[in-house]
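What follows is start-v3.pdb (PDB, C-alpha atoms).
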ATOM      1  CA  MET A   1       0.000   0.000   0.000  1.00  0.00           C
ATOM      2  CA  ALA A   2       2.860   2.337   0.760  1.00  0.00           C
ATOM      3  CA  LEU A   3       4.284   1.781  -2.735  1.00  0.00           C
ATOM      4  CA  LYS A   4       0.897   2.599  -4.227  1.00  0.00           C
ATOM      5  CA  ASP A   5       0.750   5.800  -2.190  1.00  0.00           C
ATOM      6  CA  ILE A   6       4.258   6.806  -3.241  1.00  0.00           C
ATOM      7  CA  TRP A   7       3.427   6.123  -6.882  1.00  0.00           C
ATOM      8  CA  ALA A   8       0.193   8.136  -6.608  1.00  0.00           C
ATOM      9  CA  LYS A   9       2.019  10.963  -4.855  1.00  0.00           C
ATOM     10  CA  GLU A  10       4.745  11.084  -7.568  1.00  0.00           C
ATOM     11  CA  ARG A  11       2.110  10.913 -10.300  1.00  0.00           C
ATOM     12  CA  SER A  12       0.188  13.733  -8.663  1.00  0.00           C
ATOM     13  CA  GLN A  13       3.410  15.755  -8.370  1.00  0.00           C
ATOM     14  CA  ARG A  14       4.264  15.137 -12.071  1.00  0.00           C
ATOM     15  CA  LEU A  15       0.768  16.114 -13.131  1.00  0.00           C
ATOM     16  CA  THR A  16       1.063  19.294 -11.055  1.00  0.00           C
ATOM     17  CA  GLU A  17       4.438  20.110 -12.677  1.00  0.00           C
ATOM     18  CA  ILE A  18       3.007  19.435 -16.130  1.00  0.00           C
ATOM     19  CA  ALA A  19       0.022  21.662 -15.383  1.00  0.00           C
ATOM     20  CA  GLU A  20       2.355  24.430 -14.164  1.00  0.00           C
ATOM     21  CA  ARG A  21       4.484  24.098 -17.328  1.00  0.00           C
ATOM     22  CA  LYS A  22       1.371  24.190 -19.528  1.00  0.00           C
ATOM     23  CA  LEU A  23       0.260  27.310 -17.681  1.00  0.00           C
ATOM     24  CA  GLU A  24       3.691  28.912 -18.159  1.00  0.00           C
ATOM     25  CA  VAL A  25       3.683  28.010 -21.854  1.00  0.00           C
ATOM     26  CA  ALA A  26       0.156  29.408 -22.262  1.00  0.00           C
ATOM     27  CA  GLN A  27       1.131  32.624 -20.473  1.00  0.00           C
ATOM     28  CA  HIS A  28       4.303  32.883 -22.585  1.00  0.00           C
ATOM     29  CA  ARG A  29       2.249  32.273 -25.752  1.00  0.00           C
ATOM     30  CA  GLN A  30      -0.254  34.976 -24.749  1.00  0.00           C
ATOM     31  CA  GLN A  31       2.579  37.396 -23.956  1.00  0.00           C
ATOM     32  CA  THR A  32       4.313  36.601 -27.279  1.00  0.00           C
ATOM     33  CA  GLN A  33       1.056  37.046 -29.214  1.00  0.00           C
ATOM     34  CA  ALA A  34       0.444  40.366 -27.469  1.00  0.00           C
ATOM     35  CA  GLU A  35       3.989  41.486 -28.342  1.00  0.00           C
ATOM     36  CA  LEU A  36       3.491  40.357 -31.943  1.00  0.00           C
ATOM     37  CA  ARG A  37       0.224  42.312 -32.177  1.00  0.00           C
ATOM     38  CA  ALA A  38       1.974  45.406 -30.803  1.00  0.00           C
ATOM     39  CA  ILE A  39       4.854  44.952 -33.273  1.00  0.00           C
ATOM     40  CA  ARG A  40       2.401  44.438 -36.147  1.00  0.00           C
ATOM     41  CA  GLN A  41       0.531  47.563 -35.160  1.00  0.00           C
ATOM     42  CA  GLU A  42       3.797  49.540 -35.024  1.00  0.00           C
ATOM     43  CA  LEU A  43       4.842  48.142 -38.401  1.00  0.00           C
ATOM     44  CA  ASP A  44       1.446  49.010 -39.903  1.00  0.00           C
ATOM     45  CA  GLU A  45       1.727  52.560 -38.562  1.00  0.00           C
ATOM     46  CA  GLU A  46       5.293  52.890 -39.900  1.00  0.00           C
ATOM     47  CA  ALA A  47       4.233  51.422 -43.240  1.00  0.00           C
ATOM     48  CA  GLN A  48       1.377  53.901 -43.469  1.00  0.00           C
ATOM     49  CA  MET A  49       3.737  56.755 -42.609  1.00  0.00           C
ATOM     50  CA  LEU A  50       6.278  55.536 -45.188  1.00  0.00           C
ATOM     51  CA  HIS A  51       3.535  55.164 -47.774  1.00  0.00           C
ATOM     52  CA  THR A  52       2.437  58.744 -47.145  1.00  0.00           C
ATOM     53  CA  MET A  53       6.023  59.984 -47.363  1.00  0.00           C
ATOM     54  CA  LEU A  54       6.536  58.003 -50.571  1.00  0.00           C
ATOM     55  CA  GLU A  55       3.402  59.482 -52.141  1.00  0.00           C
ATOM     56  CA  GLU A  56       4.620  62.977 -51.266  1.00  0.00           C
ATOM     57  CA  PHE A  57       8.075  62.206 -52.660  1.00  0.00           C
ATOM     58  CA  VAL A  58       6.604  60.812 -55.891  1.00  0.00           C
ATOM     59  CA  THR A  59       4.454  63.897 -56.255  1.00  0.00           C
ATOM     60  CA  LYS A  60       7.493  66.160 -55.825  1.00  0.00           C
ATOM     61  CA  LEU A  61       9.478  64.048 -58.270  1.00  0.00           C
ATOM     62  CA  GLN A  62       6.735  64.281 -60.847  1.00  0.00           C
ATOM     63  CA  GLU A  63       6.617  68.039 -60.421  1.00  0.00           C
ATOM     64  CA  THR A  64      10.362  68.539 -60.782  1.00  0.00           C
ATOM     65  CA  GLY A  65      11.077  65.476 -62.915  1.00  0.00           C
ATOM     66  CA  ALA A  66      10.459  66.983 -66.333  1.00  0.00           C
ATOM     67  CA  ALA A  67      13.030  69.773 -65.974  1.00  0.00           C
ATOM     68  CA  GLU A  68      15.587  67.494 -64.397  1.00  0.00           C
ATOM     69  CA  LYS A  69      14.985  64.877 -67.071  1.00  0.00           C
ATOM     70  CA  GLN A  70      15.627  67.411 -69.794  1.00  0.00           C
ATOM     71  CA  GLN A  71      18.829  68.561 -68.039  1.00  0.00           C
ATOM     72  CA  ARG A  72      19.998  64.965 -67.627  1.00  0.00           C
ATOM     73  CA  GLN A  73      19.321  64.252 -71.292  1.00  0.00           C
ATOM     74  CA  LEU A  74      21.511  67.206 -72.263  1.00  0.00           C
ATOM     75  CA  GLU A  75      24.248  66.057 -69.863  1.00  0.00           C
ATOM     76  CA  ASN A  76      23.987  62.502 -71.135  1.00  0.00           C
ATOM     77  CA  ALA A  77      24.241  63.675 -74.732  1.00  0.00           C
ATOM     78  CA  GLU A  78      27.418  65.588 -73.863  1.00  0.00           C
ATOM     79  CA  ARG A  79      28.839  62.580 -72.002  1.00  0.00           C
ATOM     80  CA  TYR A  80      27.950  60.371 -74.961  1.00  0.00           C
ATOM     81  CA  LYS A  81      29.896  62.650 -77.300  1.00  0.00           C
ATOM     82  CA  GLN A  82      32.899  62.630 -74.947  1.00  0.00           C
ATOM     83  CA  VAL A  83      32.807  58.869 -74.522  1.00  0.00           C
ATOM     84  CA  ARG A  84      32.417  58.318 -78.257  1.00  0.00           C
ATOM     85  CA  THR A  85      35.420  60.579 -78.963  1.00  0.00           C
ATOM     86  CA  MET A  86      37.465  58.759 -76.336  1.00  0.00           C
ATOM     87  CA  LEU A  87      36.478  55.382 -77.771  1.00  0.00           C
ATOM     88  CA  GLU A  88      37.348  56.453 -81.295  1.00  0.00           C
ATOM     89  CA  ASP A  89      40.751  57.669 -80.078  1.00  0.00           C
ATOM     90  CA  TYR A  90      41.232  54.410 -78.227  1.00  0.00           C
ATOM     91  CA  VAL A  91      40.292  52.333 -81.272  1.00  0.00           C
ATOM     92  CA  GLU A  92      42.689  54.344 -83.412  1.00  0.00           C
ATOM     93  CA  ALA A  93      45.457  53.826 -80.863  1.00  0.00           C
ATOM     94  CA  LEU A  94      44.668  50.110 -80.826  1.00  0.00           C
ATOM     95  CA  HIS A  95      44.920  49.959 -84.620  1.00  0.00           C
ATOM     96  CA  LEU A  96      48.295  51.700 -84.517  1.00  0.00           C
ATOM     97  CA  TYR A  97      49.507  49.378 -81.789  1.00  0.00           C
ATOM     98  CA  GLU A  98      48.253  46.370 -83.748  1.00  0.00           C
ATOM     99  CA  GLN A  99      50.071  47.555 -86.887  1.00  0.00           C
ATOM    100  CA  GLN A 100      53.284  48.135 -84.927  1.00  0.00           C
ATOM    101  CA  ALA A 101      53.004  44.747 -83.242  1.00  0.00           C
ATOM    102  CA  ARG A 102      52.346  43.067 -86.594  1.00  0.00           C
ATOM    103  CA  GLN A 103      55.345  44.836 -88.156  1.00  0.00           C
ATOM    104  CA  GLU A 104      57.569  43.865 -85.232  1.00  0.00           C
ATOM    105  CA  ARG A 105      56.342  40.276 -85.486  1.00  0.00           C
ATOM    106  CA  LEU A 106      57.071  40.177 -89.220  1.00  0.00           C
ATOM    107  CA  GLU A 107      60.548  41.572 -88.609  1.00  0.00           C
ATOM    108  CA  GLU A 108      61.118  39.009 -85.872  1.00  0.00           C
ATOM    109  CA  ILE A 109      59.957  36.214 -88.184  1.00  0.00           C
ATOM    110  CA  ALA A 110      62.243  37.459 -90.953  1.00  0.00           C
ATOM    111  CA  GLN A 111      65.162  37.584 -88.503  1.00  0.00           C
ATOM    112  CA  ARG A 112      64.416  34.038 -87.308  1.00  0.00           C
ATOM    113  CA  LYS A 113      64.193  32.816 -90.913  1.00  0.00           C
ATOM    114  CA  GLN A 114      67.578  34.414 -91.555  1.00  0.00           C
ATOM    115  CA  GLU A 115      69.009  32.713 -88.467  1.00  0.00           C
ATOM    116  CA  VAL A 116      67.546  29.369 -89.593  1.00  0.00           C
ATOM    117  CA  LEU A 117      69.045  29.803 -93.048  1.00  0.00           C
ATOM    118  CA  GLU A 118      72.423  30.634 -91.512  1.00  0.00           C
ATOM    119  CA  LEU A 119      72.196  27.544 -89.312  1.00  0.00           C
ATOM    120  CA  LYS A 120      71.232  25.387 -92.309  1.00  0.00           C
ATOM    121  CA  LEU A 121      74.184  26.766 -94.243  1.00  0.00           C
ATOM    122  CA  GLU A 122      76.497  26.088 -91.308  1.00  0.00           C
ATOM    123  CA  VAL A 123      75.125  22.540 -90.974  1.00  0.00           C
ATOM    124  CA  LEU A 124      75.556  21.995 -94.703  1.00  0.00           C
ATOM    125  CA  GLN A 125      79.132  23.236 -94.519  1.00  0.00           C
ATOM    126  CA  LEU A 126      79.827  20.989 -91.546  1.00  0.00           C
ATOM    127  CA  GLN A 127      78.283  18.028 -93.394  1.00  0.00           C
ATOM    128  CA  GLU A 128      80.447  18.742 -96.426  1.00  0.00           C
ATOM    129  CA  GLN A 129      83.532  19.092 -94.212  1.00  0.00           C
ATOM    130  CA  PHE A 130      82.628  15.849 -92.447  1.00  0.00           C
ATOM    131  CA  SER A 131      82.109  14.078 -95.795  1.00  0.00           C
ATOM    132  CA  TYR A 132      85.426  15.423 -97.064  1.00  0.00           C
ATOM    133  CA  ASP A 133      87.229  14.414 -93.867  1.00  0.00           C
ATOM    134  CA  ARG A 134      85.597  10.985 -93.993  1.00  0.00           C
ATOM    135  CA  ALA A 135      86.624  10.536 -97.622  1.00  0.00           C
ATOM    136  CA  LEU A 136      90.197  11.533 -96.715  1.00  0.00           C
ATOM    137  CA  MET A 137      90.199   9.143 -93.781  1.00  0.00           C
ATOM    138  CA  ALA A 138      88.771   6.376 -95.961  1.00  0.00           C
ATOM    139  CA  GLN A 139      91.436   7.021 -98.587  1.00  0.00           C
ATOM    140  CA  GLU A 140      94.136   7.081 -95.911  1.00  0.00           C
ATOM    141  CA  LEU A 141      92.769   3.902 -94.401  1.00  0.00           C
ATOM    142  CA  ALA A 142      92.649   2.256 -97.800  1.00  0.00           C
ATOM    143  CA  GLU A 143      96.269   3.261 -98.430  1.00  0.00           C
ATOM    144  CA  LYS A 144      97.332   1.936 -95.013  1.00  0.00           C
ATOM    145  CA  LEU A 145      95.426  -1.268 -95.661  1.00  0.00           C
ATOM    146  CA  GLN A 146      97.133  -1.602 -99.021  1.00  0.00           C
ATOM    147  CA  ARG A 147     100.553  -1.018 -97.404  1.00  0.00           C
ATOM    148  CA  PHE A 148      99.660  -3.519 -94.689  1.00  0.00           C
ATOM    149  CA  ARG A 149      98.693  -6.092 -97.322  1.00  0.00           C
ATOM    150  CA  THR A 150     101.861  -5.412 -99.221  1.00  0.00           C
ATOM    151  CA  ASN A 151     103.937  -5.692 -96.060  1.00  0.00           C
ATOM    152  CA  LEU A 152     102.094  -8.845 -95.036  1.00  0.00           C
ATOM    153  CA  HIS A 153     102.543 -10.335 -98.498  1.00  0.00           C
ATOM    154  CA  ASP A 154     106.197  -9.449 -98.506  1.00  0.00           C
ATOM    155  CA  TYR A 155     106.618 -10.837 -95.008  1.00  0.00           C
ATOM    156  CA  VAL A 156     104.826 -14.086 -95.798  1.00  0.00           C
ATOM    157  CA  TRP A 157     106.119 -14.620 -99.341  1.00  0.00           C
ATOM    158  CA  GLY A 158     109.184 -12.563 -99.217  1.00  0.00           C
ATOM    159  CA  PRO A 159     110.152  -9.482-101.186  1.00  0.00           C
TER     160      PRO A 159
END

Conversion result in structure tokens:
Amino acid sequence: MALKDIWAKERSQRLTEIAERKLEVAQHRQQTQAELRAIRQELDEEAQMLHTMLEEFVTKLQETGAAEKQQRQLENAERYKQVRTMLEDYVEALHLYEQQARQERLEEIAQRKQEVLELKLEVLQLQEQFSYDRALMAQELAEKLQRFRTNLHDYVWGP
């Protein structure tokens, strides 16, 4: 029986705690909703005030807009002329630079072709020199071989 009483007491205590928490949550929810309503009301008032200010600003803009628009169009036309002149100058400078770069490139290519031709000529000369030296060495070797044969023949068969 004592265990049943303890269990009932703990259950009652838990139910009381849960009820207190539910009450706190409900109070917090009511407070939060009240704060949200106050914030919404403030936002609505500020939005209305901003809307009024915006309408006044638009009205002023419409009144002064035509003259300012005309002035801006004149300024923009002047800027357009300046920008166009600058762009034309820039394009002309680019064309000159491109022509100079092309000319320099052609000169560089011509110089490299000349260097290649000089190297080819040098290689050709070296090949000819090598062929000549090889022919001389072959002739010399052939003569030595002939002398060796003669000497060998004379040594084996006698003079």

Quiz prompt | Interatomic distance (Å, one decimal) between CA of Glu128 (chain A) and CA of Leu145 (chain A) | solution = 25.0 Å

Practice problem: Calculate how many Å separate CA of Leu136 (chain A) from CA of Val156 (chain A), rounding to one decimal. | Solution: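 CA of Leu136 (chain A) sits 29.5 Å away from CA of Val156 (chain A).
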
Quiz prompt | Separation of CA of Glu98 (chain A) from CA of Lys81 (chain A), in Å and rounded to one decimal | solution = 25.4 Å
